[in-house]
Each structure stands twice: as C-alpha cells, then as structure tokens.
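Chemist: Can you keep this structure in mind? I'll have questions shortly.
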Amino acid sequence: MKRAVRALAATSTVALAGLLPGAASAADIQIGVTKSPLVAPTCPPNISATNCTIVLAQVTGYETRRDGIVNPTVIKRSGVISSFKLGIAGTNTVTPKDITYLSKRYGGPAEAQLTVLRPTGTAASPSFRVAAESQVFKLRTEFGSVAEFPLISPLPVVPGELLALTIPTWAPVLSFQLDTTQFAYAQSRVAVPSSTGGAPSCDNTLPVNLAQIIVGEFSSYGCSYPGTRIEYSALEITTPAGFTNSVRRRRAHHRVARAHR
C-alpha cells in the first residue's frame, strides 16, 4: 500500500497546591528550548511522500543535539515538570488514510507521553532507566499545531536526569533534513548486525515495541539520527533541595500499597 508517510521506528500550568512548598522561591525553566522554535513538522519540498520520515513509532527518544547544544533536555536544577509542548504534523501531511494505516500497524491512535530518564551508561554507550512517566496523551485533535499538555501529576526531576518523549503507538513529531552538525536525536534501541556481514544498522523495523513505559525500565540508546529533531520541550518549576526524592518515595510507597491491596 502506498502511503504519504513512513515511520522511522523500532518495528500552561497545573494546580500545584500542596505539592510545591516554598513556591514563592520557585522559578520557571523552559527545558529543551533553543533558538529554533518548535514547529508542526512537514515534509521537505524535495522529499517524496513515501520517504517523508516524520513519524516516530513505538520507541522512546531524546534530543542529543539541538542548535548545536548537546543534550538540551538535561535537568540542571531540582524541580517538577508541569507541562510539555509537542509539535505535531497536520493532516495535509499525514492524511486520513495514513492515520488509519498507522493506527492499525502500531496498535492504536497517535499518542505520546513525557519520560524522565536517569543515565546509567557512558557517553560512548548511552543507557538509561525510567525515573518517572507522565500520563499518556491522545494527539489526534492537536494535529497541525504546537500543543501544550498540562500534567495531572507533575513529574519530579533532579540534576543529571533528562527528558525524553515516549511514543507507545505512533506520532508525527520529527523534523528532518536539518544540519547534521546542529541537530540529532537518539532512540531506545541498538544497531542490528547486517545479514550480509556489513556494519550494524539502525535502519531496521523490528516487530517489537521498544518504548520505555515502565518506571525502572532499562534501555540502551545505541541509535542516533543526525539531521533530525523531535519537536518537544517542557516547563519545569524548581523546588527546594530534597523535595524531589521525597515525592518519589511517597509515590513508590503508594504504588506498593496499591499492588498489595
């Protein structure tokens, strides 16, 4: 079946009462924002419809370079993430026929959630564990826009962690054919050895969902895509030292308690 897009895949504010002590000293920080604004992705004019790889599917990804800034979504100060923004392609690019096809192939309608990753690997061999996850958001009504998604439960973050975008199904959120020295992102997958004996490749579509959707889940990020960016950013509200770990302990306690009911 010929279709208009091809997936590159492995197969503002909320109420914080009672959550932010010392709110008067809190500061708002835009995470992942650089000089290039978020946009709703479109296919470059010199790219055929069948090669328009703007769809991310069943994977978690984070920007490794944006406007030359390395790892722009790394957390510098403790706080909570209260919302995130996402640039989503419109139906002039992802047609109704594409939507039907992609929803059937990838297990449901377009969805996304924000993920907090804790680094466990090295610069040469990056790997991460999930420290926190937002709720899942349906994207269909936001196609063709840069939409903001307030979080019901703000995500606690600490310095050194980074924000990634998890796509449980599929989402048209990639801008590509950009300067390869200025833009790149990585996926939660590793290169697969070539069946012909060549170099391992990341250009494969394994029939498995590699999205990191469980707190504590581990994954390597061995596939990088220069010249492509994920259109997302987030809003952080800083908090006093020690607050984030306290929130996480309480949430872990509640998860355990629910599991034993």
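Letters A, B, ... go to the chains of the structure tokens in the order shown; residues in each chain start at 1; ligands are counted from 1 in the same order.
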Which residues are near region 212-214 of chain A? Cut-off 7 Å, only C-alpha atoms, ignore same chain within fewer than 6 positions. Put them as a PyMOL selection string.
Modeler: chain A and resi 59-60+130+166
Chemist: Would you save the residues from that selection as a compact mmCIF listing (two decimals), in the first residue's frame, using C-alpha atoms?
Modeler:
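In the end it all went to part24.txt:
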```
# COMPACT_ATOMS: atom_id res chain seq x y z
CA VAL A 59 10.03 3.96 20.89
CA THR A 60 11.43 6.49 23.35
CA VAL A 130 12.98 5.42 33.58
CA THR A 166 7.85 8.20 24.64
```
Chemist: Fewer than 6 positions away in the same chain doesn't count, so skip those; otherwise give me all residues within 6 Å of Leu165 (chain A), counting only C-alpha atoms, as a list in words.
Modeler: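 Residues near the query, excluding close chain neighbours: Thr60, Gly61, Leu114 and Thr115 of chain A.
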Chemist: Based on the selection just made, write C-alpha atoms of those residues as a compact mmCIF listing (two decimals), in the first residue's frame.
Modeler:
```
# COMPACT_ATOMS: atom_id res chain seq x y z
CA THR A 60 11.43 6.49 23.35
CA GLY A 61 13.68 9.22 22.03
CA LEU A 114 6.88 12.60 28.64
CA THR A 115 9.55 10.40 30.24
```
Chemist: Could you build a table of the residues in region 88-190 of chain A lying no more than 10 Å from region 31-39 of chain A, giving for each the nearest pair of atoms and their separation in Å rounded to one decimal place, using only C-alpha atoms, ordered by chain and ascending residue number, as a tab-separated table?
Modeler:
```
residue	atom	partner	partner_atom	distance
A:Ile88	CA	A:Val39	CA	7.5
A:Ala89	CA	A:Val39	CA	8.4
A:Gly144	CA	A:Val39	CA	9.0
A:Ser145	CA	A:Val39	CA	7.5
A:Val146	CA	A:Val39	CA	6.2
A:Ala147	CA	A:Leu38	CA	9.8
A:Leu162	CA	A:Ile31	CA	9.3
A:Leu163	CA	A:Ile31	CA	8.2
A:Ala164	CA	A:Gly32	CA	10.0
A:Val173	CA	A:Val39	CA	9.0
A:Leu174	CA	A:Val39	CA	9.6
A:Ser175	CA	A:Val39	CA	8.3
```
Chemist: When you look at Val215 (chain A) with a cut-off of 10 Å (counting only C-alpha atoms), what residues show up, excluding the ones that are within fewer than 4 positions of it in the same chain? I need them as number ranges by chain.
Modeler: A: 115-117, 129-133, 252
Chemist: Hey, can you spit out that residue selection with C-alpha atoms as a PDB file, in the first residue's frame?
Modeler:
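As written to disk, result.pdb reads:
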```pdb
ATOM      1  CA  THR A 115       9.550  10.402  30.239  1.00  0.00           C
ATOM      2  CA  VAL A 116      12.234  11.268  32.792  1.00  0.00           C
ATOM      3  CA  LEU A 117      15.390   9.217  32.186  1.00  0.00           C
ATOM      4  CA  ARG A 129      16.417   3.868  33.384  1.00  0.00           C
ATOM      5  CA  VAL A 130      12.984   5.418  33.585  1.00  0.00           C
ATOM      6  CA  ALA A 131      12.728   7.641  36.670  1.00  0.00           C
ATOM      7  CA  ALA A 132       9.204   8.944  36.035  1.00  0.00           C
ATOM      8  CA  GLU A 133       6.466   8.953  33.382  1.00  0.00           C
ATOM      9  CA  ALA A 252       6.731   4.484  45.314  1.00  0.00           C
TER      10      ALA A 252
END
```
Chemist: Rank A:Ile81, A:Ile237, A:Ala184, A:Ile69 by their smallest atom-to-atom distance to Ser134 (chain A), using only C-alpha atoms, and report the top residue only.
Modeler: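 With only C-alpha atoms as the atom set, the closest residue is A:Ile81.
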Chemist: Quick one: residues within 6 Å of Ser82 (chain A), only C-alpha atoms, excluding same-chain residues fewer than 3 positions away - as a ChimeraX atom specification?
Modeler: /A:151,154,235
Chemist: Point out the residue among A:Cys202, A:Glu63, A:Gln30, A:Thr120 with the least atom-to-atom distance to Gly216 (chain A), counting only C-alpha atoms.
Modeler: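 Once distances to Gly216 (chain A) are computed over only C-alpha atoms, the minimum belongs to A:Thr120.
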Chemist: According to DSSP computed on the backbone, where in region 21-223 of chain A is there alpha helix (DSSP H)? Give the residues as a list in words.
Modeler: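 Alpha helix (DSSP H) assignments inside region 21-223 of chain A correspond to Pro96, Lys97, Asp98, Ile99, Thr100, Tyr101, Leu102, Ser103, Lys104 and Arg105 of chain A.
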Chemist: Store the residues picked out above in a file with C-alpha atoms, as a compact mmCIF listing (two decimals), in the first residue's frame.
Modeler:
```
# COMPACT_ATOMS: atom_id res chain seq x y z
CA PRO A 96 -6.72 10.38 6.99
CA LYS A 97 -5.65 7.32 5.00
CA ASP A 98 -2.22 7.45 6.67
CA ILE A 99 -3.84 7.79 10.09
CA THR A 100 -5.91 4.67 9.53
CA TYR A 101 -2.87 2.70 8.34
CA LEU A 102 -0.54 3.84 11.12
CA SER A 103 -3.14 3.28 13.85
CA LYS A 104 -3.68 -0.28 12.65
CA ARG A 105 0.02 -1.05 12.30
```
Chemist: I want to know what sits within 12 Å of Asp179 (chain A), based on only C-alpha atoms, with residues of the same chain fewer than 6 positions away left out; could you give that as a compact mmCIF listing (two decimals) with C-alpha atoms, in the first residue's frame?
Modeler:
```
# COMPACT_ATOMS: atom_id res chain seq x y z
CA ARG A 65 21.85 17.97 19.93
CA ARG A 66 19.63 20.94 19.09
CA ASP A 67 21.03 24.11 17.56
CA GLY A 68 24.43 22.72 18.50
CA TYR A 225 19.91 10.12 13.87
CA PRO A 226 21.84 13.24 12.79
CA GLY A 227 19.92 15.94 10.97
CA THR A 228 16.64 15.10 12.70
CA ARG A 229 14.98 16.56 15.78
```
Chemist: In Å, rounded to a single decimal, give me how far CA of Asn92 (chain A) is from CA of Asn51 (chain A).
Modeler: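 Here the two named atoms are 15.6 Å from each other.
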Chemist: May I have the residues within 7 Å of Arg189 (chain A) as a PyMOL selection string, using only C-alpha atoms and disregarding those fewer than 4 positions away in the same chain?
Modeler: chain A and resi 210+220-223
Chemist: Taking the chain letters and numbering used in this document, name the residues of region 88-145 of chain A that DSSP puts in strand (DSSP E or B), as an mmCIF file with N, CA and C atoms, in the first residue's frame.
Modeler:
```cif
data_model
loop_
_atom_site.group_PDB
_atom_site.id
_atom_site.type_symbol
_atom_site.label_atom_id
_atom_site.label_comp_id
_atom_site.auth_asym_id
_atom_site.auth_seq_id
_atom_site.Cartn_x
_atom_site.Cartn_y
_atom_site.Cartn_z
ATOM 1 N N ILE A 88 3.183 18.806 16.221
ATOM 2 C CA ILE A 88 2.549 17.637 15.610
ATOM 3 C C ILE A 88 2.134 17.977 14.178
ATOM 4 N N GLU A 111 -0.287 8.763 20.038
ATOM 5 C CA GLU A 111 -0.165 9.020 21.476
ATOM 6 C C GLU A 111 1.259 9.454 21.799
ATOM 7 N N ALA A 112 1.400 10.125 22.937
ATOM 8 C CA ALA A 112 2.725 10.490 23.432
ATOM 9 C C ALA A 112 2.676 10.691 24.940
ATOM 10 N N GLN A 113 3.814 10.520 25.583
ATOM 11 C CA GLN A 113 3.958 10.835 26.999
ATOM 12 C C GLN A 113 5.381 11.303 27.242
ATOM 13 N N LEU A 114 5.551 12.102 28.285
ATOM 14 C CA LEU A 114 6.875 12.595 28.644
ATOM 15 C C LEU A 114 7.525 11.623 29.619
ATOM 16 N N THR A 115 8.818 11.370 29.425
ATOM 17 C CA THR A 115 9.550 10.402 30.239
ATOM 18 C C THR A 115 10.785 11.069 30.844
ATOM 19 N N VAL A 116 11.014 10.817 32.124
ATOM 20 C CA VAL A 116 12.234 11.268 32.792
ATOM 21 C C VAL A 116 13.202 10.093 32.824
ATOM 22 N N LEU A 117 14.389 10.279 32.256
ATOM 23 C CA LEU A 117 15.390 9.217 32.186
ATOM 24 C C LEU A 117 16.566 9.522 33.107
ATOM 25 N N ARG A 118 17.026 8.482 33.809
ATOM 26 C CA ARG A 118 18.207 8.595 34.659
ATOM 27 C C ARG A 118 19.372 7.896 33.959
ATOM 28 N N PRO A 119 20.480 8.587 33.671
ATOM 29 C CA PRO A 119 21.582 7.966 32.937
ATOM 30 C C PRO A 119 22.257 6.858 33.746
ATOM 31 N N SER A 127 22.887 4.619 28.079
ATOM 32 C CA SER A 127 21.754 3.805 28.522
ATOM 33 C C SER A 127 21.072 4.546 29.663
ATOM 34 N N PHE A 128 19.801 4.225 29.874
ATOM 35 C CA PHE A 128 19.007 4.964 30.849
ATOM 36 C C PHE A 128 17.978 4.053 31.508
ATOM 37 N N ARG A 129 17.585 4.447 32.724
ATOM 38 C CA ARG A 129 16.417 3.868 33.384
ATOM 39 C C ARG A 129 15.342 4.939 33.499
ATOM 40 N N VAL A 130 14.099 4.493 33.447
ATOM 41 C CA VAL A 130 12.984 5.418 33.585
ATOM 42 C C VAL A 130 12.839 5.825 35.043
ATOM 43 N N ALA A 131 12.904 7.129 35.316
ATOM 44 C CA ALA A 131 12.728 7.641 36.670
ATOM 45 C C ALA A 131 11.285 8.061 36.933
ATOM 46 N N ALA A 132 10.598 8.516 35.881
ATOM 47 C CA ALA A 132 9.204 8.944 36.035
ATOM 48 C C ALA A 132 8.560 9.024 34.657
ATOM 49 N N GLU A 133 7.229 8.882 34.628
ATOM 50 C CA GLU A 133 6.466 8.953 33.382
ATOM 51 C C GLU A 133 5.225 9.808 33.580
ATOM 52 N N PHE A 137 -1.086 10.894 26.416
ATOM 53 C CA PHE A 137 -1.981 11.860 25.787
ATOM 54 C C PHE A 137 -2.328 11.423 24.368
ATOM 55 N N LYS A 138 -3.606 11.503 24.021
ATOM 56 C CA LYS A 138 -4.051 11.309 22.651
ATOM 57 C C LYS A 138 -3.754 12.584 21.865
ATOM 58 N N SER A 145 -0.486 21.465 14.914
ATOM 59 C CA SER A 145 -0.253 22.549 15.871
ATOM 60 C C SER A 145 0.943 22.241 16.760
#
```
Chemist: Tell me, in Å to one decimal, how far CA of Glu161 (chain A) is from CA of Tyr62 (chain A).
Modeler: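 Going from CA of Glu161 (chain A) over to CA of Tyr62 (chain A), I get 11.6 Å.
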